file target_28.cif (mmCIF, C-alpha atoms (C1' of nucleotides))
data_data
#
loop_
_atom_site.group_PDB
_atom_site.id
_atom_site.type_symbol
_atom_site.label_atom_id
_atom_site.label_comp_id
_atom_site.auth_asym_id
_atom_site.auth_seq_id
_atom_site.Cartn_x
_atom_site.Cartn_y
_atom_site.Cartn_z
ATOM 1 C CA MET A 144 123.736 120.647 96.058
ATOM 2 C CA SER A 145 123.175 120.787 99.790
ATOM 3 C CA LEU A 146 122.095 117.892 101.949
ATOM 4 C CA ARG A 147 118.954 119.818 102.797
ATOM 5 C CA SER A 148 118.091 120.049 99.110
ATOM 6 C CA GLN A 149 118.276 116.324 98.728
ATOM 7 C CA LEU A 150 116.039 115.757 101.727
ATOM 8 C CA LEU A 151 113.500 118.098 100.149
ATOM 9 C CA LYS A 152 113.136 115.871 97.134
ATOM 10 C CA GLY A 153 109.757 114.329 96.779
ATOM 11 C CA ILE A 154 108.278 116.049 99.791
ATOM 12 C CA LEU A 155 108.404 119.596 98.450
ATOM 13 C CA ASP A 156 105.334 118.970 96.329
ATOM 14 C CA GLY A 157 103.502 117.898 99.462
ATOM 15 C CA CYS A 158 104.622 120.985 101.360
ATOM 16 C CA VAL A 159 103.461 123.251 98.558
ATOM 17 C CA LEU A 160 100.089 121.520 98.379
ATOM 18 C CA ALA A 161 99.705 121.725 102.158
ATOM 19 C CA VAL A 162 100.330 125.474 102.187
ATOM 20 C CA ILE A 163 97.956 126.093 99.293
ATOM 21 C CA GLU A 164 95.281 123.967 100.958
ATOM 22 C CA LYS A 165 95.162 126.344 103.930
ATOM 23 C CA GLU A 166 94.755 129.389 101.704
ATOM 24 C CA PRO A 167 95.435 130.266 98.076
ATOM 25 C CA VAL A 168 98.832 131.873 97.594
ATOM 26 C CA TYR A 169 100.955 133.147 94.747
ATOM 27 C CA GLY A 170 104.441 131.886 94.019
ATOM 28 C CA TYR A 171 106.495 134.678 95.455
ATOM 29 C CA GLU A 172 104.497 134.586 98.692
ATOM 30 C CA LEU A 173 104.730 130.804 98.823
ATOM 31 C CA SER A 174 108.499 130.754 98.800
ATOM 32 C CA LYS A 175 108.511 133.188 101.722
ATOM 33 C CA LYS A 176 105.985 131.100 103.662
ATOM 34 C CA LEU A 177 107.949 127.899 103.235
ATOM 35 C CA GLN A 178 111.056 129.656 104.496
ATOM 36 C CA GLU A 179 109.137 130.795 107.564
ATOM 37 C CA PHE A 180 108.158 127.195 108.173
ATOM 38 C CA GLY A 181 111.807 126.215 108.421
ATOM 39 C CA LEU A 182 112.292 125.038 104.829
ATOM 40 C CA SER A 183 115.067 127.492 104.114
ATOM 41 C CA ASP A 184 116.609 128.065 100.713
ATOM 42 C CA VAL A 185 113.407 127.415 98.813
ATOM 43 C CA SER A 186 113.862 130.064 96.148
ATOM 44 C CA GLU A 187 111.877 131.098 93.070
ATOM 45 C CA GLY A 188 113.913 128.864 90.788
ATOM 46 C CA THR A 189 112.592 125.961 92.809
ATOM 47 C CA ILE A 190 109.039 127.097 93.510
ATOM 48 C CA TYR A 191 107.854 128.086 90.052
ATOM 49 C CA PRO A 192 108.780 124.850 88.317
ATOM 50 C CA VAL A 193 106.969 122.991 91.101
ATOM 51 C CA LEU A 194 103.862 125.134 90.640
ATOM 52 C CA LEU A 195 103.902 124.654 86.870
ATOM 53 C CA ARG A 196 104.272 120.913 87.247
ATOM 54 C CA LEU A 197 101.487 120.658 89.815
ATOM 55 C CA GLN A 198 99.204 122.673 87.556
ATOM 56 C CA LYS A 199 100.103 120.573 84.534
ATOM 57 C CA ASN A 200 99.178 117.489 86.545
ATOM 58 C CA GLY A 201 95.845 119.033 87.529
ATOM 59 C CA LEU A 202 96.562 119.253 91.251
ATOM 60 C CA ILE A 203 96.303 123.040 91.429
ATOM 61 C CA MET A 204 94.737 125.811 89.369
ATOM 62 C CA GLY A 205 96.282 129.205 88.748
ATOM 63 C CA GLU A 206 94.351 132.461 88.464
ATOM 64 C CA MET A 207 95.825 135.855 87.651
ATOM 65 C CA ARG A 208 94.754 138.667 89.925
ATOM 66 C CA PRO A 209 95.783 142.296 89.916
ATOM 67 C CA SER A 210 97.982 143.427 92.751
ATOM 68 C CA GLU A 211 97.420 146.674 94.607
ATOM 69 C CA SER A 212 101.105 147.399 94.493
ATOM 70 C CA GLY A 213 103.196 145.775 91.816
ATOM 71 C CA PRO A 214 102.849 143.317 88.954
ATOM 72 C CA ASN A 215 99.953 140.864 88.741
ATOM 73 C CA ARG A 216 99.963 137.783 90.907
ATOM 74 C CA LYS A 217 98.996 134.264 89.956
ATOM 75 C CA TYR A 218 97.105 132.736 92.852
ATOM 76 C CA TYR A 219 96.924 128.969 93.086
ATOM 77 C CA PHE A 220 94.046 126.859 94.420
ATOM 78 C CA LEU A 221 93.894 123.158 95.230
ATOM 79 C CA THR A 222 91.728 121.003 92.982
ATOM 80 C CA LYS A 223 89.910 117.889 94.137
ATOM 81 C CA GLU A 224 92.737 115.850 92.646
ATOM 82 C CA GLY A 225 95.162 118.030 94.570
ATOM 83 C CA LYS A 226 93.499 117.229 97.866
ATOM 84 C CA GLU A 227 93.476 113.526 97.097
ATOM 85 C CA SER A 228 97.098 113.676 96.063
ATOM 86 C CA LEU A 229 97.999 115.521 99.248
ATOM 87 C CA ASN A 230 96.298 112.825 101.298
ATOM 88 C CA MET A 231 98.367 110.200 99.517
ATOM 89 C CA ILE A 232 101.585 112.135 99.960
ATOM 90 C CA VAL A 233 100.974 112.602 103.691
ATOM 91 C CA SER A 234 100.218 108.913 104.018
ATOM 92 C CA GLU A 235 103.377 107.884 102.150
ATOM 93 C CA TRP A 236 105.371 110.400 104.152
ATOM 94 C CA LYS A 237 104.290 108.801 107.421
ATOM 95 C CA GLN A 238 105.113 105.341 106.110
ATOM 96 C CA MET A 239 108.538 106.608 105.132
ATOM 97 C CA VAL A 240 109.418 108.595 108.237
ATOM 98 C CA GLU A 241 108.728 105.737 110.621
ATOM 99 C CA PRO A 242 111.360 103.245 109.413
ATOM 100 C CA VAL A 243 113.954 105.966 108.952
ATOM 101 C CA ASN A 244 113.402 107.235 112.475
ATOM 102 C CA SER A 245 113.738 103.713 113.820
ATOM 103 C CA LEU A 246 116.989 103.287 111.906
ATOM 104 C CA PHE A 247 118.300 106.538 113.374
ATOM 105 C CA LYS A 248 117.038 105.901 116.887
ATOM 106 C CA GLY A 249 119.336 105.110 119.782
ATOM 107 C CA ARG A 250 122.475 106.383 118.177
ATOM 108 C CA ASP A 251 125.190 107.973 120.336
ATOM 109 C CA GLU A 252 125.948 111.126 118.416
ATOM 110 C CA ASN A 253 129.373 111.562 120.036
ATOM 111 C CA GLU A 254 130.494 107.993 119.397
ATOM 112 C CA GLY A 255 133.305 109.117 117.148
ATOM 113 C CA GLU A 256 134.830 111.409 119.735
ATOM 114 C CA THR A 257 134.296 109.546 122.999
ATOM 115 C CA PHE A 258 137.844 108.255 123.245
ATOM 116 C CA ASN A 259 139.937 111.373 122.688
ATOM 117 C CA MET B 173 109.213 106.966 89.307
ATOM 118 C CA SER B 174 107.208 106.324 92.433
ATOM 119 C CA LEU B 175 106.518 108.797 95.199
ATOM 120 C CA ARG B 176 108.335 106.492 97.578
ATOM 121 C CA SER B 177 111.420 106.651 95.388
ATOM 122 C CA GLN B 178 111.438 110.421 95.516
ATOM 123 C CA LEU B 179 111.088 110.443 99.272
ATOM 124 C CA LEU B 180 114.084 108.126 99.493
ATOM 125 C CA LYS B 181 116.284 110.672 97.790
ATOM 126 C CA GLY B 182 118.802 112.197 100.089
ATOM 127 C CA ILE B 183 117.973 109.994 103.037
ATOM 128 C CA LEU B 184 118.990 106.659 101.516
ATOM 129 C CA ASP B 185 122.664 107.420 102.128
ATOM 130 C CA GLY B 186 121.876 107.976 105.804
ATOM 131 C CA CYS B 187 119.924 104.726 106.015
ATOM 132 C CA VAL B 188 122.770 102.775 104.441
ATOM 133 C CA LEU B 189 125.298 104.348 106.805
ATOM 134 C CA ALA B 190 123.063 103.630 109.810
ATOM 135 C CA VAL B 191 122.766 99.938 108.914
ATOM 136 C CA ILE B 192 126.511 99.582 108.301
ATOM 137 C CA GLU B 193 127.261 101.325 111.581
ATOM 138 C CA LYS B 194 125.495 98.576 113.517
ATOM 139 C CA GLU B 195 127.454 95.839 111.769
ATOM 140 C CA PRO B 196 129.411 95.472 108.541
ATOM 141 C CA VAL B 197 127.285 94.141 105.705
ATOM 142 C CA TYR B 198 127.675 93.374 102.027
ATOM 143 C CA GLY B 199 125.513 94.890 99.334
ATOM 144 C CA TYR B 200 123.171 92.035 98.633
ATOM 145 C CA GLU B 201 122.498 91.582 102.354
ATOM 146 C CA LEU B 202 122.041 95.335 102.811
ATOM 147 C CA SER B 203 119.243 95.571 100.274
ATOM 148 C CA LYS B 204 117.414 92.771 102.104
ATOM 149 C CA LYS B 205 117.893 94.458 105.481
ATOM 150 C CA LEU B 206 116.562 97.779 104.266
ATOM 151 C CA GLN B 207 113.502 96.018 102.900
ATOM 152 C CA GLU B 208 112.941 94.398 106.295
ATOM 153 C CA PHE B 209 113.079 97.834 107.849
ATOM 154 C CA GLY B 210 110.170 98.961 105.710
ATOM 155 C CA LEU B 211 112.128 100.607 102.896
ATOM 156 C CA SER B 212 110.664 98.373 100.222
ATOM 157 C CA ASP B 213 111.854 98.257 96.633
ATOM 158 C CA VAL B 214 115.458 99.065 97.451
ATOM 159 C CA SER B 215 117.057 96.836 94.835
ATOM 160 C CA GLU B 216 120.627 96.125 93.769
ATOM 161 C CA GLY B 217 120.546 98.725 91.030
ATOM 162 C CA THR B 218 119.967 101.267 93.768
ATOM 163 C CA ILE B 219 122.234 99.913 96.479
ATOM 164 C CA TYR B 220 125.472 99.342 94.603
ATOM 165 C CA PRO B 221 125.767 102.855 93.160
ATOM 166 C CA VAL B 222 125.157 104.201 96.668
ATOM 167 C CA LEU B 223 127.882 101.983 98.150
ATOM 168 C CA LEU B 224 130.360 102.948 95.433
ATOM 169 C CA ARG B 225 129.655 106.627 95.941
ATOM 170 C CA LEU B 226 129.959 106.406 99.729
ATOM 171 C CA GLN B 227 133.271 104.590 99.367
ATOM 172 C CA LYS B 228 134.524 107.098 96.825
ATOM 173 C CA ASN B 229 133.710 109.841 99.318
ATOM 174 C CA GLY B 230 135.591 108.040 102.068
ATOM 175 C CA LEU B 231 132.547 107.351 104.269
ATOM 176 C CA ILE B 232 132.815 103.587 104.084
ATOM 177 C CA MET B 233 135.520 101.013 103.265
ATOM 178 C CA GLY B 234 134.953 97.814 101.323
ATOM 179 C CA GLU B 235 136.750 94.519 101.964
ATOM 180 C CA MET B 236 136.390 91.356 99.908
ATOM 181 C CA ARG B 237 135.798 88.193 101.907
ATOM 182 C CA PRO B 238 135.224 84.646 100.715
ATOM 183 C CA SER B 239 131.747 83.272 101.196
ATOM 184 C CA GLU B 240 131.092 79.759 102.495
ATOM 185 C CA SER B 241 128.522 79.223 99.800
ATOM 186 C CA GLY B 242 128.656 81.345 96.688
ATOM 187 C CA PRO B 243 130.698 84.125 95.166
ATOM 188 C CA ASN B 244 132.838 86.462 97.267
ATOM 189 C CA ARG B 245 131.223 89.221 99.258
ATOM 190 C CA LYS B 246 132.393 92.779 99.702
ATOM 191 C CA TYR B 247 131.771 93.812 103.288
ATOM 192 C CA TYR B 248 131.570 97.506 104.095
ATOM 193 C CA PHE B 249 132.711 99.267 107.284
ATOM 194 C CA LEU B 250 132.073 102.817 108.464
ATOM 195 C CA THR B 251 135.076 105.136 108.540
ATOM 196 C CA LYS B 252 135.497 107.973 111.017
ATOM 197 C CA GLU B 253 134.299 110.350 108.316
ATOM 198 C CA GLY B 254 131.331 108.060 107.792
ATOM 199 C CA LYS B 255 130.315 108.309 111.434
ATOM 200 C CA GLU B 256 130.655 112.075 111.386
ATOM 201 C CA SER B 257 128.658 112.268 108.177
ATOM 202 C CA LEU B 258 125.952 110.053 109.661
ATOM 203 C CA ASN B 259 125.708 112.348 112.681
ATOM 204 C CA MET B 260 125.224 115.306 110.361
ATOM 205 C CA ILE B 261 122.640 113.514 108.250
ATOM 206 C CA VAL B 262 120.625 112.482 111.306
ATOM 207 C CA SER B 263 120.754 116.044 112.587
ATOM 208 C CA GLU B 264 119.612 117.506 109.266
ATOM 209 C CA TRP B 265 116.944 114.836 109.040
ATOM 210 C CA LYS B 266 115.446 115.899 112.356
ATOM 211 C CA GLN B 267 115.518 119.554 111.356
ATOM 212 C CA MET B 268 113.729 118.602 108.165
ATOM 213 C CA VAL B 269 111.070 116.284 109.547
ATOM 214 C CA GLU B 270 109.829 118.737 112.147
ATOM 215 C CA PRO B 271 108.574 121.515 109.840
ATOM 216 C CA VAL B 272 107.127 119.025 107.375
ATOM 217 C CA ASN B 273 105.215 117.248 110.127
ATOM 218 C CA SER B 274 103.888 120.575 111.368
ATOM 219 C CA LEU B 275 102.749 121.426 107.842
ATOM 220 C CA PHE B 276 100.958 118.081 107.574
ATOM 221 C CA LYS B 277 99.468 118.128 111.053
ATOM 222 C CA GLY B 278 95.798 118.586 111.744
ATOM 223 C CA ARG B 279 94.625 117.742 108.276
ATOM 224 C CA ASP B 280 91.287 116.002 107.775
ATOM 225 C CA GLU B 281 92.167 113.218 105.408
ATOM 226 C CA ASN B 282 88.582 112.749 104.234
ATOM 227 C CA GLU B 283 87.964 116.403 103.503
ATOM 228 C CA GLY B 284 87.570 115.773 99.785
ATOM 229 C CA GLU B 285 84.864 113.174 100.206
ATOM 230 C CA THR B 286 82.827 114.456 103.149
ATOM 231 C CA PHE B 287 80.016 115.849 101.056
ATOM 232 C CA ASN B 288 79.180 112.992 98.684
ATOM 233 C "C1'" DT C 291 112.961 158.807 83.680
ATOM 234 C "C1'" DC C 292 115.190 155.583 86.051
ATOM 235 C "C1'" DA C 293 116.356 152.919 90.096
ATOM 236 C "C1'" DG C 294 114.602 149.426 92.882
ATOM 237 C "C1'" DC C 295 111.169 146.400 94.396
ATOM 238 C "C1'" DT C 296 107.796 142.801 93.193
ATOM 239 C "C1'" DA C 297 106.692 138.870 90.496
ATOM 240 C "C1'" DT C 298 106.884 135.219 86.969
ATOM 241 C "C1'" DT C 299 109.180 132.279 83.744
ATOM 242 C "C1'" DT C 300 112.889 129.758 81.354
ATOM 243 C "C1'" DT C 301 117.365 127.495 80.649
ATOM 244 C "C1'" DG C 302 120.912 124.540 81.834
ATOM 245 C "C1'" DT C 303 123.365 121.866 85.368
ATOM 246 C "C1'" DT C 304 123.801 118.301 88.676
ATOM 247 C "C1'" DA C 305 122.470 114.370 90.987
ATOM 248 C "C1'" DA C 306 119.655 110.435 92.537
ATOM 249 C "C1'" DG C 307 116.646 106.203 92.186
ATOM 250 C "C1'" DC C 308 116.157 102.251 89.600
ATOM 251 C "C1'" DA C 309 114.891 98.950 85.862
ATOM 252 C "C1'" DA C 310 117.387 96.015 83.098
ATOM 253 C "C1'" DG C 311 121.010 93.482 81.924
ATOM 254 C "C1'" DA C 312 126.029 91.897 81.941
ATOM 255 C "C1'" DT C 313 129.335 89.228 84.448
ATOM 256 C "C1'" DA C 314 130.722 85.617 87.238
ATOM 257 C "C1'" DG C 315 131.322 82.220 91.136
ATOM 258 C "C1'" DC C 316 129.188 78.365 93.415
ATOM 259 C "C1'" DT C 317 126.184 74.054 93.968
ATOM 260 C "C1'" DG C 318 123.418 70.093 92.922
ATOM 261 C "C1'" DG C 319 120.809 67.135 89.699
ATOM 262 C "C1'" DG C 320 120.744 64.505 85.660
ATOM 263 C "C1'" DC D 94 130.605 66.510 83.229
ATOM 264 C "C1'" DC D 95 127.536 70.176 82.326
ATOM 265 C "C1'" DC D 96 124.042 73.175 82.880
ATOM 266 C "C1'" DA D 97 120.294 75.284 85.490
ATOM 267 C "C1'" DG D 98 119.590 78.192 89.185
ATOM 268 C "C1'" DC D 99 121.045 80.741 93.111
ATOM 269 C "C1'" DT D 100 124.162 84.297 95.022
ATOM 270 C "C1'" DA D 101 126.548 88.510 94.348
ATOM 271 C "C1'" DT D 102 128.545 92.626 92.136
ATOM 272 C "C1'" DC D 103 128.668 96.131 88.785
ATOM 273 C "C1'" DT D 104 127.200 99.020 84.686
ATOM 274 C "C1'" DT D 105 124.199 101.525 81.385
ATOM 275 C "C1'" DG D 106 120.612 104.429 80.281
ATOM 276 C "C1'" DC D 107 116.354 106.721 81.593
ATOM 277 C "C1'" DT D 108 113.623 109.865 84.183
ATOM 278 C "C1'" DT D 109 112.825 113.301 87.426
ATOM 279 C "C1'" DA D 110 113.835 116.965 90.810
ATOM 280 C "C1'" DA D 111 116.183 120.948 93.035
ATOM 281 C "C1'" DC D 112 118.071 125.167 91.931
ATOM 282 C "C1'" DA D 113 121.303 128.824 90.388
ATOM 283 C "C1'" DA D 114 121.093 132.277 87.164
ATOM 284 C "C1'" DA D 115 119.254 135.121 84.083
ATOM 285 C "C1'" DA D 116 115.470 137.102 81.238
ATOM 286 C "C1'" DT D 117 111.236 139.628 81.336
ATOM 287 C "C1'" DA D 118 108.186 142.947 82.947
ATOM 288 C "C1'" DG D 119 104.950 145.774 85.895
ATOM 289 C "C1'" DC D 120 104.705 149.169 89.521
ATOM 290 C "C1'" DT D 121 106.270 153.100 92.594
ATOM 291 C "C1'" DG D 122 108.621 157.075 94.137
ATOM 292 C "C1'" DA D 123 112.435 160.263 93.950
#
call {"tool": "encode", "arguments": {"input": "target_28.cif", "output": "structure tokens"}}
result
Amino acid sequence: MSLRSQLLKGILDGCVLAVIEKEPVYGYELSKKLQEFGLSDVSEGTIYPVLLRLQKNGLIMGEMRPSESGPNRKYYFLTKEGKESLNMIVSEWKQMVEPVNSLFKGRDENEGETFN
Amino acid sequence: MSLRSQLLKGILDGCVLAVIEKEPVYGYELSKKLQEFGLSDVSEGTIYPVLLRLQKNGLIMGEMRPSESGPNRKYYFLTKEGKESLNMIVSEWKQMVEPVNSLFKGRDENEGETFN
DNA sequence: TCAGCTATTTTGTTAAGCAAGATAGCTGGG
DNA sequence: CCCAGCTATCTTGCTTAACAAAATAGCTGA
């Protein structure tokens, strides 16, 4: 598993909720959108389990809609609980990023190779 | 498992390496230091497996030293590989934080309760 | 009709945080 | 002297998450 994958843990739910909050999307579209945002390698095998879990927990609602070209799509909407959860996730995220950034701050990235 | 715990995944290794880079520490001390930094609830059951894994991967080296008051302590030092790995982790971290922050930006945190 | 795209779902693997507890050395009070 | 309590390390078992891979299936156009 890649380093990037590990960093995704725990925050992917938040990213998914944030995208859905802006506008309802279906899974296939969602994985493309996240990749555009810079979260590469977020494939269907990752996205669909997340969507199912979020729906099971009542944070999003799925609704099947016919597609003009292709199989039906299941569009997801944020519930009230989803919005509240997203607020909490964003808040926790900020509280997490700050100490990590301060730990990483002021490092000389070439320290290991300065004395060649 | 808490949201905080999930967010820790993948970045805890980097945090541990960053602390050890500044000065060699032993496990018990490390868990206290991380808590001071704002990474609460990082207990021994979390720290020791991380240290063992990092050592197994050659990123840190452990050295037993007698304590003036209490049982012996195993101090850990960063290896060259550890420094290189830390550089990579910090770099990936930055590439990760940016898109997530942009996804979370500009949200009205009271949106769900504005119309009570 | 069938190849290829879109789209969803499931299964199984790997790995991480962590609570809980085992082990053990040291110190000081009774 | 001994045992309670602190320091310190390590292990076991549980839960959850990312994700590769494959199964399923609808639609379109050649």
call {"tool": "interface_residues", "arguments": {"input": "target_28.cif", "of": "chain B", "to": "chain A", "cutoff": "8 Å", "atoms": "all atoms listed in the file", "output": "tab-separated table (two decimals) with C-alpha atoms, keeping the file's coordinate frame"}}
result
chain	number	residue	atom	x	y	z
B	175	LEU	CA	106.52	108.80	95.20
B	176	ARG	CA	108.34	106.49	97.58
B	177	SER	CA	111.42	106.65	95.39
B	178	GLN	CA	111.44	110.42	95.52
B	179	LEU	CA	111.09	110.44	99.27
B	181	LYS	CA	116.28	110.67	97.79
B	182	GLY	CA	118.80	112.20	100.09
B	183	ILE	CA	117.97	109.99	103.04
B	187	CYS	CA	119.92	104.73	106.02
B	190	ALA	CA	123.06	103.63	109.81
B	191	VAL	CA	122.77	99.94	108.91
B	209	PHE	CA	113.08	97.83	107.85
B	210	GLY	CA	110.17	98.96	105.71
B	211	LEU	CA	112.13	100.61	102.90
B	252	LYS	CA	135.50	107.97	111.02
B	255	LYS	CA	130.32	108.31	111.43
B	256	GLU	CA	130.66	112.08	111.39
B	259	ASN	CA	125.71	112.35	112.68
B	261	ILE	CA	122.64	113.51	108.25
B	262	VAL	CA	120.62	112.48	111.31
B	264	GLU	CA	119.61	117.51	109.27
B	265	TRP	CA	116.94	114.84	109.04
B	268	MET	CA	113.73	118.60	108.16
B	269	VAL	CA	111.07	116.28	109.55
B	271	PRO	CA	108.57	121.52	109.84
B	272	VAL	CA	107.13	119.02	107.38
B	275	LEU	CA	102.75	121.43	107.84
B	276	PHE	CA	100.96	118.08	107.57
B	281	GLU	CA	92.17	113.22	105.41
B	283	GLU	CA	87.96	116.40	103.50
B	284	GLY	CA	87.57	115.77	99.78
call {"tool": "atom_distance", "arguments": {"input": "target_28.cif", "atom1": "atom CA of Gly188 of chain A", "atom2": "atom CA of Glu172 of chain A"}}
result
13.6 Å
call {"tool": "residues_around", "arguments": {"input": "target_28.cif", "residues": "Met204 of chain A", "least_positions_apart": "5", "cutoff": "6 Å", "atoms": "only C-alpha atoms (C1' of nucleotides)", "output": "list in words"}}
result
Gln198, Tyr219 and Phe220 of chain A
call {"tool": "closest_residue", "arguments": {"input": "target_28.cif", "among": "D:DA114, D:DC94, D:DT108, D:DT102", "to": "DT303 of chain C", "atoms": "all atoms listed in the file"}}
result
D:DA114
call {"tool": "resolve_selection", "arguments": {"input": "target_28.cif", "expression": "the PyMOL selection byres ((chain D) within 9 of (chain B))", "output": "VMD selection string"}}
result
chain D and resid 99 to 103 108 to 110
call {"tool": "atom_distance", "arguments": {"input": "target_28.cif", "atom1": "atom CA of Met236 of chain B", "atom2": "atom C1' of DA314 of chain C"}}
result
15.0 Å
call {"tool": "calpha_fit_and_write", "arguments": {"input": "target_28.cif", "fixed": "chain A", "moving": "chain B", "output": "short mmCIF file (atom, residue, chain, number, x, y, z; two decimals) with C-alpha atoms, in the coordinates of the input"}}
result
data_model
loop_
_atom_site.label_atom_id
_atom_site.label_comp_id
_atom_site.auth_asym_id
_atom_site.auth_seq_id
_atom_site.Cartn_x
_atom_site.Cartn_y
_atom_site.Cartn_z
CA MET B 173 123.87 120.41 96.08
CA SER B 174 123.22 120.52 99.79
CA LEU B 175 122.00 117.66 101.94
CA ARG B 176 118.94 119.72 102.76
CA SER B 177 118.14 120.02 99.07
CA GLN B 178 118.24 116.27 98.64
CA LEU B 179 115.97 115.73 101.60
CA LEU B 180 113.49 118.15 100.06
CA LYS B 181 113.14 115.98 97.00
CA GLY B 182 109.82 114.29 96.78
CA ILE B 183 108.33 116.03 99.78
CA LEU B 184 108.43 119.59 98.44
CA ASP B 185 105.35 118.95 96.31
CA GLY B 186 103.48 117.86 99.44
CA CYS B 187 104.61 120.95 101.34
CA VAL B 188 103.47 123.24 98.55
CA LEU B 189 100.10 121.50 98.36
CA ALA B 190 99.69 121.68 102.14
CA VAL B 191 100.32 125.44 102.19
CA ILE B 192 97.95 126.08 99.27
CA GLU B 193 95.28 123.95 100.92
CA LYS B 194 95.14 126.32 103.89
CA GLU B 195 94.72 129.36 101.67
CA PRO B 196 95.43 130.26 98.05
CA VAL B 197 98.84 131.85 97.60
CA TYR B 198 100.98 133.13 94.76
CA GLY B 199 104.47 131.87 94.05
CA TYR B 200 106.52 134.67 95.50
CA GLU B 201 104.49 134.58 98.73
CA LEU B 202 104.72 130.78 98.86
CA SER B 203 108.50 130.74 98.86
CA LYS B 204 108.48 133.17 101.80
CA LYS B 205 105.94 131.07 103.71
CA LEU B 206 107.91 127.88 103.27
CA GLN B 207 111.00 129.64 104.57
CA GLU B 208 109.05 130.76 107.64
CA PHE B 209 108.08 127.15 108.21
CA GLY B 210 111.72 126.17 108.46
CA LEU B 211 112.25 125.03 104.87
CA SER B 212 115.02 127.52 104.21
CA ASP B 213 116.55 128.18 100.82
CA VAL B 214 113.38 127.46 98.88
CA SER B 215 113.84 130.11 96.20
CA GLU B 216 111.88 131.14 93.12
CA GLY B 217 113.92 128.93 90.83
CA THR B 218 112.64 126.02 92.87
CA ILE B 219 109.07 127.11 93.50
CA TYR B 220 107.91 128.10 90.04
CA PRO B 221 108.85 124.84 88.31
CA VAL B 222 107.01 123.00 91.09
CA LEU B 223 103.89 125.14 90.64
CA LEU B 224 103.93 124.68 86.87
CA ARG B 225 104.30 120.94 87.21
CA LEU B 226 101.52 120.66 89.80
CA GLN B 227 99.22 122.68 87.55
CA LYS B 228 100.14 120.61 84.52
CA ASN B 229 99.20 117.52 86.51
CA GLY B 230 95.87 119.03 87.49
CA LEU B 231 96.61 119.25 91.23
CA ILE B 232 96.34 123.02 91.43
CA MET B 233 94.76 125.82 89.36
CA GLY B 234 96.31 129.21 88.76
CA GLU B 235 94.39 132.48 88.46
CA MET B 236 95.87 135.87 87.64
CA ARG B 237 94.80 138.70 89.92
CA PRO B 238 95.84 142.34 89.91
CA SER B 239 98.01 143.45 92.79
CA GLU B 240 97.44 146.72 94.65
CA SER B 241 101.12 147.47 94.49
CA GLY B 242 103.23 145.80 91.85
CA PRO B 243 102.89 143.36 88.99
CA ASN B 244 100.01 140.88 88.76
CA ARG B 245 100.01 137.80 90.93
CA LYS B 246 99.03 134.28 89.98
CA TYR B 247 97.13 132.74 92.87
CA TYR B 248 96.93 128.97 93.09
CA PHE B 249 94.04 126.85 94.41
CA LEU B 250 93.90 123.15 95.22
CA THR B 251 91.75 121.00 92.94
CA LYS B 252 89.92 117.89 94.08
CA GLU B 253 92.75 115.83 92.59
CA GLY B 254 95.17 118.01 94.52
CA LYS B 255 93.48 117.22 97.82
CA GLU B 256 93.46 113.52 97.04
CA SER B 257 97.10 113.65 96.03
CA LEU B 258 97.99 115.50 99.22
CA ASN B 259 96.26 112.81 101.28
CA MET B 260 98.33 110.17 99.51
CA ILE B 261 101.56 112.09 99.96
CA VAL B 262 100.94 112.60 103.68
CA SER B 263 100.17 108.91 104.04
CA GLU B 264 103.32 107.85 102.19
CA TRP B 265 105.31 110.38 104.18
CA LYS B 266 104.24 108.80 107.46
CA GLN B 267 105.05 105.32 106.19
CA MET B 268 108.46 106.60 105.20
CA VAL B 269 109.38 108.56 108.31
CA GLU B 270 108.67 105.72 110.70
CA PRO B 271 111.29 103.22 109.49
CA VAL B 272 113.89 105.93 109.01
CA ASN B 273 113.36 107.22 112.53
CA SER B 274 113.68 103.69 113.88
CA LEU B 275 116.93 103.26 111.96
CA PHE B 276 118.26 106.51 113.43
CA LYS B 277 117.03 105.92 116.95
CA GLY B 278 119.30 105.18 119.86
CA ARG B 279 122.45 106.42 118.24
CA ASP B 280 125.16 108.03 120.35
CA GLU B 281 125.96 111.15 118.42
CA ASN B 282 129.37 111.58 120.04
CA GLU B 283 130.51 108.03 119.43
CA GLY B 284 133.27 109.14 117.07
CA GLU B 285 134.85 111.51 119.55
CA THR B 286 134.44 109.73 122.89
CA PHE B 287 137.99 108.49 123.06
CA ASN B 288 140.06 111.59 122.29
#
call {"tool": "resolve_selection", "arguments": {"input": "target_28.cif", "expression": "the PyMOL selection byres ((chain C) within 10 of (chain A))", "output": "ChimeraX atom specification"}}
result
/C:295-300,304-306
call {"tool": "atom_distance", "arguments": {"input": "target_28.cif", "atom1": "atom CA of Thr189 of chain A", "atom2": "atom CA of Ser174 of chain A"}}
result
8.7 Å
call {"tool": "residues_around", "arguments": {"input": "target_28.cif", "residues": "DC96 of chain D", "least_positions_apart": "2", "cutoff": "12 Å", "atoms": "only C-alpha atoms (C1' of nucleotides)", "output": "MDAnalysis selection string"}}
result
(chainID C and resid 317:320) or (chainID D and resid 94 98)
call {"tool": "axis_aligned_box", "arguments": {"input": "target_28.cif", "around": "segment 292-309 of chain C", "padding_each_side": "8 Å", "output": "JSON"}}
result
{"center_x": 115.2, "center_y": 127.3, "center_z": 87.5, "size_x": 33.1, "size_y": 72.6, "size_z": 29.7}
